[in-house]
Amino acid sequence: MEILDGKKLSEQIKEEIKQAVSLRKENGLKTPHLAAVLVGNDGASLTYVGSKVKSCERVGFKSTLIRLEDSISEEALLSKIKELNQDDTLDGYIVQLPLPKHINEEKILLAVDPKKDVDGFHPANFGRMALEMESFIPATPFGIMEMLKRYDLDISGKHCVVIGRSHIVGRPISILMSQKGQPGNATVTLAHSRTKNLAALTQKADIIVSALGVPDFLKADMVKQGVIVIDVGITRVSDENHPRGYVIKGDVDFKAVAKKSSYITPVPGGVGPMTIAMLLQNTLLSCERSDG
Ligand code: GUN
């Protein structure tokens with residue numbers, strides 16, 4: 001069993017991005033600039049956005065954090081988005097999800113200029129990704145593909161079971177793994193809450209990507225010997241013994257499943273850090289595309 005060390009790999013990728021940025025500066029090219037919009041005070045979102053901004057500083061990007069009140073109207077948020085679309089100093093920006101209930105998330109994501117949509121959530125980018133055209137690939141599936149590539153894991157012709165059909169992880173990773181190329185060419189089954197007898201599918205899988213958000217969901221008796229397991233779950237579970245008052249749990253019963261796996265991602269330290277690295281990668285890509 002080998003651990004897929006997302007923390008270490010993300011550090012390596014960030015180091016490469018840092019080098020690219022410093023070379024850009026030496027050559028008089030623009031410094032990449034990422035903005036993050038955070039509406040309200042959700043604890044998890046604050047942590048995620050905080051890490052994104054901190055990582056920007058690490059690699060030498062400019063970053064701007066835009067914090068807005070929970071009570072902001074949809075109209076006011078749309079006008080902020082319009083402003084960001086017109087801001088030529090920005091290479092990309094993200095609107096941290098979830099948004100407050102009174103705001104239509106779809107309407108907001110549609111308003112983002114696809115050229116600055118470094119989260120890859122706009123339908124123009126999703127469609128382009130599905131058609132294998134130049135796009136921004138959402139950071140989490142992008143991070144998983146990069147991890148497979150850098151660990152030189154061949155998924156070609158293998159059976160991959162993805163658990164969860166979310167727009168930001170399950171659906172896009174199912175498309176990417178089945179695409180032509182390396183890594184790619186996998187035979188993919190996309191399982192979800194209505195799937196019957198999920199265990200029968202996962203027991204046959206060569207690769208399992210779990211993006212469900214249910215702690216310890218995937219048990220050892222649901223996988224075969226030698227499986228590759230990618231755990232995308234990051235659920236906060238209350239834990240009074242921890243100074244923070246909670247711990248982060250993946251979807252996989254790690255200790256037991258690891259014994260049967262050839263490769264497995266830990267939580268934390270697996271897919272999570274890769275997501276941030278790939279957001280930075282998308283921002284650098286956007287900046288390079290605007291060099292002309
Ligand atoms: N909320 C949970 N994951 C993400 C993400 O990757 N991007 C944004 N913008 N919001 C999120």
# chains A, B, ... in the order shown; residues from 1 in each chain; ligands from 1
call {"tool": "select_by_dssp", "arguments": {"residues": "range 113-291 of chain A", "states": "helix (DSSP H, G or I)", "output": "CSV table (one decimal) with N, CA, C and O atoms, in the first residue's frame"}}
result
chain,number,residue,atom,x,y,z
A,114,PRO,N,-16.4,33.7,-18.2
A,114,PRO,CA,-15.8,32.4,-18.3
A,114,PRO,C,-14.2,32.5,-18.4
A,114,PRO,O,-13.5,31.7,-18.0
A,115,LYS,N,-13.7,33.7,-18.9
A,115,LYS,CA,-12.3,33.8,-19.0
A,115,LYS,C,-11.6,34.1,-17.6
A,115,LYS,O,-10.4,34.0,-17.5
A,116,LYS,N,-12.4,34.4,-16.7
A,116,LYS,CA,-11.9,34.7,-15.3
A,116,LYS,C,-12.4,33.6,-14.3
A,116,LYS,O,-12.1,33.7,-13.1
A,123,PRO,N,-21.0,27.2,-17.2
A,123,PRO,CA,-21.4,26.2,-18.2
A,123,PRO,C,-20.5,26.2,-19.4
A,123,PRO,O,-20.3,25.2,-20.0
A,124,ALA,N,-20.0,27.4,-19.8
A,124,ALA,CA,-19.1,27.5,-20.9
A,124,ALA,C,-17.8,26.7,-20.7
A,124,ALA,O,-17.4,25.9,-21.5
A,125,ASN,N,-17.3,26.8,-19.5
A,125,ASN,CA,-16.1,26.0,-19.2
A,125,ASN,C,-16.4,24.5,-19.0
A,125,ASN,O,-15.6,23.7,-19.4
A,126,PHE,N,-17.5,24.2,-18.3
A,126,PHE,CA,-17.9,22.8,-18.1
A,126,PHE,C,-18.1,22.1,-19.5
A,126,PHE,O,-17.6,21.0,-19.7
A,127,GLY,N,-18.8,22.8,-20.4
A,127,GLY,CA,-19.0,22.3,-21.7
A,127,GLY,C,-17.8,22.1,-22.5
A,127,GLY,O,-17.5,21.1,-23.1
A,128,ARG,N,-16.9,23.1,-22.4
A,128,ARG,CA,-15.6,23.0,-23.1
A,128,ARG,C,-14.8,21.9,-22.6
A,128,ARG,O,-14.1,21.2,-23.4
A,129,MET,N,-14.8,21.7,-21.3
A,129,MET,CA,-14.0,20.6,-20.6
A,129,MET,C,-14.6,19.3,-21.2
A,129,MET,O,-13.8,18.4,-21.6
A,130,ALA,N,-15.9,19.1,-21.2
A,130,ALA,CA,-16.5,17.9,-21.7
A,130,ALA,C,-16.2,17.6,-23.1
A,130,ALA,O,-16.1,16.4,-23.5
A,139,ALA,N,-11.1,22.8,-9.8
A,139,ALA,CA,-9.8,22.5,-9.1
A,139,ALA,C,-9.7,21.1,-8.5
A,139,ALA,O,-8.7,20.5,-8.5
A,140,THR,N,-10.9,20.6,-7.9
A,140,THR,CA,-10.8,19.3,-7.3
A,140,THR,C,-10.6,18.1,-8.3
A,140,THR,O,-9.6,17.4,-8.1
A,141,PRO,N,-11.4,18.0,-9.3
A,141,PRO,CA,-11.1,17.0,-10.3
A,141,PRO,C,-9.8,17.2,-11.0
A,141,PRO,O,-9.1,16.2,-11.3
A,142,PHE,N,-9.4,18.4,-11.2
A,142,PHE,CA,-8.1,18.7,-11.8
A,142,PHE,C,-7.0,18.2,-10.9
A,142,PHE,O,-6.0,17.5,-11.4
A,143,GLY,N,-7.1,18.4,-9.6
A,143,GLY,CA,-6.1,17.9,-8.7
A,143,GLY,C,-6.0,16.4,-8.6
A,143,GLY,O,-4.9,15.8,-8.5
A,144,ILE,N,-7.2,15.7,-8.7
A,144,ILE,CA,-7.2,14.3,-8.7
A,144,ILE,C,-6.4,13.8,-10.0
A,144,ILE,O,-5.6,12.8,-9.9
A,145,MET,N,-6.7,14.4,-11.2
A,145,MET,CA,-6.1,13.9,-12.4
A,145,MET,C,-4.6,14.2,-12.3
A,145,MET,O,-3.8,13.4,-12.8
A,146,GLU,N,-4.2,15.3,-11.8
A,146,GLU,CA,-2.8,15.6,-11.6
A,146,GLU,C,-2.1,14.7,-10.7
A,146,GLU,O,-0.9,14.2,-11.0
A,147,MET,N,-2.8,14.3,-9.7
A,147,MET,CA,-2.2,13.3,-8.7
A,147,MET,C,-2.0,11.9,-9.4
A,147,MET,O,-0.9,11.3,-9.3
A,148,LEU,N,-3.0,11.5,-10.2
A,148,LEU,CA,-2.8,10.2,-10.9
A,148,LEU,C,-1.7,10.3,-11.9
A,148,LEU,O,-0.9,9.4,-12.0
A,149,LYS,N,-1.5,11.5,-12.5
A,149,LYS,CA,-0.5,11.7,-13.5
A,149,LYS,C,0.9,11.6,-12.9
A,149,LYS,O,1.8,10.9,-13.3
A,150,ARG,N,1.1,12.4,-11.8
A,150,ARG,CA,2.4,12.5,-11.1
A,150,ARG,C,2.8,11.2,-10.4
A,150,ARG,O,4.0,11.0,-10.2
A,170,GLY,N,-18.0,14.9,-8.6
A,170,GLY,CA,-18.4,13.6,-9.2
A,170,GLY,C,-18.6,13.7,-10.7
A,170,GLY,O,-18.0,12.9,-11.4
A,171,ARG,N,-19.5,14.6,-11.1
A,171,ARG,CA,-19.8,14.6,-12.6
A,171,ARG,C,-18.5,15.0,-13.4
A,171,ARG,O,-18.2,14.2,-14.3
A,172,PRO,N,-17.8,16.1,-13.1
A,172,PRO,CA,-16.6,16.3,-13.9
A,172,PRO,C,-15.5,15.2,-13.8
A,172,PRO,O,-14.9,14.9,-14.9
A,173,ILE,N,-15.3,14.6,-12.7
A,173,ILE,CA,-14.2,13.6,-12.6
A,173,ILE,C,-14.6,12.4,-13.4
A,173,ILE,O,-13.8,11.7,-14.1
A,174,SER,N,-15.9,12.1,-13.5
A,174,SER,CA,-16.4,11.0,-14.3
A,174,SER,C,-16.1,11.2,-15.8
A,174,SER,O,-15.7,10.3,-16.5
A,175,ILE,N,-16.2,12.5,-16.2
A,175,ILE,CA,-16.0,12.9,-17.6
A,175,ILE,C,-14.5,12.8,-17.9
A,175,ILE,O,-14.0,12.2,-18.9
A,176,LEU,N,-13.7,13.4,-17.0
A,176,LEU,CA,-12.2,13.5,-17.2
A,176,LEU,C,-11.6,12.1,-17.3
A,176,LEU,O,-10.7,11.8,-18.1
A,177,MET,N,-12.0,11.2,-16.4
A,177,MET,CA,-11.4,9.8,-16.3
A,177,MET,C,-11.7,9.0,-17.6
A,177,MET,O,-10.9,8.1,-17.9
A,178,SER,N,-12.8,9.3,-18.2
A,178,SER,CA,-13.2,8.5,-19.4
A,178,SER,C,-12.6,9.2,-20.7
A,178,SER,O,-12.7,8.5,-21.7
A,198,LEU,N,-24.8,-0.6,-4.5
A,198,LEU,CA,-23.5,0.1,-4.7
A,198,LEU,C,-22.3,-0.8,-4.4
A,198,LEU,O,-21.3,-0.9,-5.2
A,199,ALA,N,-22.4,-1.6,-3.4
A,199,ALA,CA,-21.3,-2.5,-3.0
A,199,ALA,C,-20.9,-3.4,-4.1
A,199,ALA,O,-19.7,-3.7,-4.3
A,200,ALA,N,-21.9,-3.9,-4.8
A,200,ALA,CA,-21.6,-4.9,-5.9
A,200,ALA,C,-20.7,-4.2,-7.0
A,200,ALA,O,-19.9,-4.8,-7.6
A,201,LEU,N,-20.9,-2.9,-7.1
A,201,LEU,CA,-20.1,-2.1,-8.1
A,201,LEU,C,-18.7,-1.8,-7.6
A,201,LEU,O,-17.7,-2.0,-8.2
A,202,THR,N,-18.7,-1.3,-6.3
A,202,THR,CA,-17.4,-0.9,-5.8
A,202,THR,C,-16.5,-2.2,-5.6
A,202,THR,O,-15.2,-2.0,-5.7
A,220,ALA,N,-14.1,-1.7,4.2
A,220,ALA,CA,-13.2,-2.7,3.6
A,220,ALA,C,-13.9,-3.8,2.8
A,220,ALA,O,-13.4,-4.2,1.8
A,221,ASP,N,-15.1,-4.2,3.3
A,221,ASP,CA,-15.8,-5.3,2.6
A,221,ASP,C,-16.5,-4.8,1.3
A,221,ASP,O,-17.0,-5.6,0.5
A,222,MET,N,-16.3,-3.5,1.0
A,222,MET,CA,-16.9,-2.9,-0.2
A,222,MET,C,-15.9,-2.8,-1.3
A,222,MET,O,-16.2,-2.3,-2.4
A,254,PHE,N,-10.5,4.6,6.6
A,254,PHE,CA,-9.1,4.6,6.1
A,254,PHE,C,-8.3,3.4,6.5
A,254,PHE,O,-7.7,2.7,5.7
A,255,LYS,N,-8.3,3.1,7.8
A,255,LYS,CA,-7.5,2.1,8.4
A,255,LYS,C,-7.7,0.7,7.8
A,255,LYS,O,-6.8,0.0,7.4
A,256,ALA,N,-9.0,0.4,7.7
A,256,ALA,CA,-9.4,-0.9,7.2
A,256,ALA,C,-9.2,-1.0,5.6
A,256,ALA,O,-8.7,-2.0,5.1
A,257,VAL,N,-9.6,0.1,5.0
A,257,VAL,CA,-9.6,0.0,3.5
A,257,VAL,C,-8.1,0.1,3.0
A,257,VAL,O,-7.8,-0.5,2.0
A,258,ALA,N,-7.3,0.8,3.7
A,258,ALA,CA,-5.9,1.0,3.3
A,258,ALA,C,-5.2,-0.4,3.2
A,258,ALA,O,-4.4,-0.6,2.3
A,259,LYS,N,-5.6,-1.3,4.1
A,259,LYS,CA,-5.0,-2.7,4.1
A,259,LYS,C,-5.2,-3.4,2.8
A,259,LYS,O,-4.4,-4.3,2.4
A,260,LYS,N,-6.3,-3.1,2.1
A,260,LYS,CA,-6.6,-3.8,0.8
A,260,LYS,C,-6.2,-3.0,-0.4
A,260,LYS,O,-6.3,-3.5,-1.5
A,271,VAL,N,-6.6,14.8,-1.2
A,271,VAL,CA,-7.1,15.6,-2.3
A,271,VAL,C,-7.2,17.1,-1.9
A,271,VAL,O,-7.0,18.0,-2.8
A,272,GLY,N,-7.5,17.4,-0.7
A,272,GLY,CA,-7.7,18.8,-0.2
A,272,GLY,C,-6.6,19.8,-0.7
A,272,GLY,O,-6.9,20.8,-1.4
A,273,PRO,N,-5.4,19.5,-0.3
A,273,PRO,CA,-4.3,20.4,-0.7
A,273,PRO,C,-4.1,20.5,-2.2
A,273,PRO,O,-3.7,21.6,-2.7
A,274,MET,N,-4.4,19.4,-2.9
A,274,MET,CA,-4.3,19.5,-4.4
A,274,MET,C,-5.2,20.5,-5.0
A,274,MET,O,-4.9,21.1,-6.0
A,275,THR,N,-6.4,20.6,-4.4
A,275,THR,CA,-7.4,21.5,-4.9
A,275,THR,C,-6.9,22.9,-4.9
A,275,THR,O,-7.1,23.6,-5.9
A,276,ILE,N,-6.3,23.3,-3.8
A,276,ILE,CA,-5.7,24.7,-3.7
A,276,ILE,C,-4.6,24.9,-4.8
A,276,ILE,O,-4.6,25.9,-5.5
A,277,ALA,N,-3.8,23.9,-4.9
A,277,ALA,CA,-2.6,24.0,-5.9
A,277,ALA,C,-3.2,24.2,-7.3
A,277,ALA,O,-2.7,25.0,-8.1
A,278,MET,N,-4.3,23.5,-7.6
A,278,MET,CA,-4.8,23.6,-9.0
A,278,MET,C,-5.6,24.9,-9.2
A,278,MET,O,-5.6,25.3,-10.4
A,279,LEU,N,-6.1,25.4,-8.2
A,279,LEU,CA,-6.7,26.8,-8.3
A,279,LEU,C,-5.6,27.8,-8.7
A,279,LEU,O,-5.8,28.6,-9.6
A,280,LEU,N,-4.5,27.7,-8.1
A,280,LEU,CA,-3.4,28.6,-8.4
A,280,LEU,C,-2.9,28.3,-9.8
A,280,LEU,O,-2.6,29.2,-10.6
A,281,GLN,N,-2.9,27.0,-10.2
A,281,GLN,CA,-2.4,26.6,-11.5
A,281,GLN,C,-3.4,27.3,-12.6
A,281,GLN,O,-2.9,27.8,-13.6
A,282,ASN,N,-4.7,27.2,-12.3
A,282,ASN,CA,-5.7,27.8,-13.2
A,282,ASN,C,-5.5,29.3,-13.3
A,282,ASN,O,-5.6,29.9,-14.4
A,283,THR,N,-5.1,29.9,-12.2
A,283,THR,CA,-4.9,31.4,-12.2
A,283,THR,C,-3.7,31.8,-13.0
A,283,THR,O,-3.7,32.7,-13.8
A,284,LEU,N,-2.6,31.0,-12.9
A,284,LEU,CA,-1.4,31.2,-13.7
A,284,LEU,C,-1.7,31.0,-15.1
A,284,LEU,O,-1.3,31.8,-16.0
A,285,LEU,N,-2.5,30.0,-15.4
A,285,LEU,CA,-2.9,29.7,-16.8
A,285,LEU,C,-3.7,30.8,-17.4
A,285,LEU,O,-3.4,31.2,-18.6
A,286,SER,N,-4.6,31.4,-16.6
A,286,SER,CA,-5.4,32.5,-17.1
A,286,SER,C,-4.5,33.7,-17.4
A,286,SER,O,-4.6,34.4,-18.4
A,287,CYS,N,-3.5,33.9,-16.5
A,287,CYS,CA,-2.6,35.0,-16.7
A,287,CYS,C,-1.7,34.8,-18.0
A,287,CYS,O,-1.6,35.8,-18.8
A,288,GLU,N,-1.3,33.6,-18.2
A,288,GLU,CA,-0.5,33.3,-19.4
A,288,GLU,C,-1.3,33.4,-20.6
A,288,GLU,O,-0.8,33.9,-21.7
A,289,ARG,N,-2.6,33.1,-20.6
A,289,ARG,CA,-3.5,33.2,-21.7
A,289,ARG,C,-3.7,34.7,-22.1
A,289,ARG,O,-3.9,35.0,-23.3
call {"tool": "residues_near_ligand", "arguments": {"ligand": "ligand 1", "cutoff": "10 Å", "atoms": "only C-alpha atoms and all ligand atoms", "output": "number ranges by chain"}}
result
A: 36-38, 44-45, 48-49, 93-99, 109, 117-121, 138-141, 168-169, 234, 272, 275-276, 278-279
call {"tool": "closest_residue", "arguments": {"among": "A:Glu26, A:Glu74, A:Glu132, A:Asp206", "to": "Ile155 in chain A", "atoms": "only C-alpha atoms"}}
result
A:Asp206
call {"tool": "residues_around", "arguments": {"residues": "Arg236 in chain A", "least_positions_apart": "3", "cutoff": "7 Å", "atoms": "only C-alpha atoms", "output": "list of chain:residue names"}}
result
A:Tyr246, A:Val247, A:Ile248, A:Lys249
call {"tool": "closest_residue", "arguments": {"among": "A:Arg244, A:Gln12, A:Glu134, A:Leu23", "to": "Gly43 in chain A", "atoms": "only C-alpha atoms"}}
result
A:Arg244
call {"tool": "decode", "arguments": {"residues": "range 110-134 of chain A", "atoms": "N, CA and C atoms", "output": "CSV table (one decimal), in the first residue's frame"}}
result
chain,number,residue,atom,x,y,z
A,110,LEU,N,-23.5,32.0,-13.5
A,110,LEU,CA,-23.6,32.4,-14.9
A,110,LEU,C,-23.1,33.8,-15.2
A,111,ALA,N,-23.0,34.6,-14.2
A,111,ALA,CA,-22.6,36.0,-14.4
A,111,ALA,C,-21.1,36.2,-14.5
A,112,VAL,N,-20.4,35.1,-14.0
A,112,VAL,CA,-18.9,35.2,-14.0
A,112,VAL,C,-18.4,35.1,-15.4
A,113,ASP,N,-17.5,36.0,-15.8
A,113,ASP,CA,-16.9,35.9,-17.1
A,113,ASP,C,-16.1,34.6,-17.2
A,114,PRO,N,-16.4,33.7,-18.2
A,114,PRO,CA,-15.8,32.4,-18.3
A,114,PRO,C,-14.2,32.5,-18.4
A,115,LYS,N,-13.7,33.7,-18.9
A,115,LYS,CA,-12.3,33.8,-19.0
A,115,LYS,C,-11.6,34.1,-17.6
A,116,LYS,N,-12.4,34.4,-16.7
A,116,LYS,CA,-11.9,34.7,-15.3
A,116,LYS,C,-12.4,33.6,-14.3
A,117,ASP,N,-13.1,32.6,-14.9
A,117,ASP,CA,-13.7,31.6,-14.0
A,117,ASP,C,-12.7,30.5,-13.7
A,118,VAL,N,-11.8,30.8,-12.8
A,118,VAL,CA,-10.7,29.8,-12.5
A,118,VAL,C,-11.2,28.6,-11.6
A,119,ASP,N,-12.5,28.7,-11.2
A,119,ASP,CA,-13.1,27.5,-10.5
A,119,ASP,C,-13.7,26.6,-11.6
A,120,GLY,N,-13.8,27.1,-12.8
A,120,GLY,CA,-14.4,26.2,-13.9
A,120,GLY,C,-15.8,25.8,-13.7
A,121,PHE,N,-16.6,26.7,-13.0
A,121,PHE,CA,-18.0,26.4,-12.7
A,121,PHE,C,-19.0,26.9,-13.8
A,122,HIS,N,-18.6,27.8,-14.6
A,122,HIS,CA,-19.5,28.4,-15.6
A,122,HIS,C,-19.8,27.3,-16.7
A,123,PRO,N,-21.0,27.2,-17.2
A,123,PRO,CA,-21.4,26.2,-18.2
A,123,PRO,C,-20.5,26.2,-19.4
A,124,ALA,N,-20.0,27.4,-19.8
A,124,ALA,CA,-19.1,27.5,-20.9
A,124,ALA,C,-17.8,26.7,-20.7
A,125,ASN,N,-17.3,26.8,-19.5
A,125,ASN,CA,-16.1,26.0,-19.2
A,125,ASN,C,-16.4,24.5,-19.0
A,126,PHE,N,-17.5,24.2,-18.3
A,126,PHE,CA,-17.9,22.8,-18.1
A,126,PHE,C,-18.1,22.1,-19.5
A,127,GLY,N,-18.8,22.8,-20.4
A,127,GLY,CA,-19.0,22.3,-21.7
A,127,GLY,C,-17.8,22.1,-22.5
A,128,ARG,N,-16.9,23.1,-22.4
A,128,ARG,CA,-15.6,23.0,-23.1
A,128,ARG,C,-14.8,21.9,-22.6
A,129,MET,N,-14.8,21.7,-21.3
A,129,MET,CA,-14.0,20.6,-20.6
A,129,MET,C,-14.6,19.3,-21.2
A,130,ALA,N,-15.9,19.1,-21.2
A,130,ALA,CA,-16.5,17.9,-21.7
A,130,ALA,C,-16.2,17.6,-23.1
A,131,LEU,N,-16.0,18.7,-23.9
A,131,LEU,CA,-15.7,18.5,-25.3
A,131,LEU,C,-14.2,18.5,-25.6
A,132,GLU,N,-13.4,18.4,-24.5
A,132,GLU,CA,-11.9,18.4,-24.6
A,132,GLU,C,-11.3,19.6,-25.3
A,133,MET,N,-12.0,20.8,-25.1
A,133,MET,CA,-11.5,22.0,-25.6
A,133,MET,C,-10.7,22.8,-24.5
A,134,GLU,N,-10.0,23.8,-24.8
A,134,GLU,CA,-9.3,24.6,-23.8
A,134,GLU,C,-10.3,25.2,-22.9
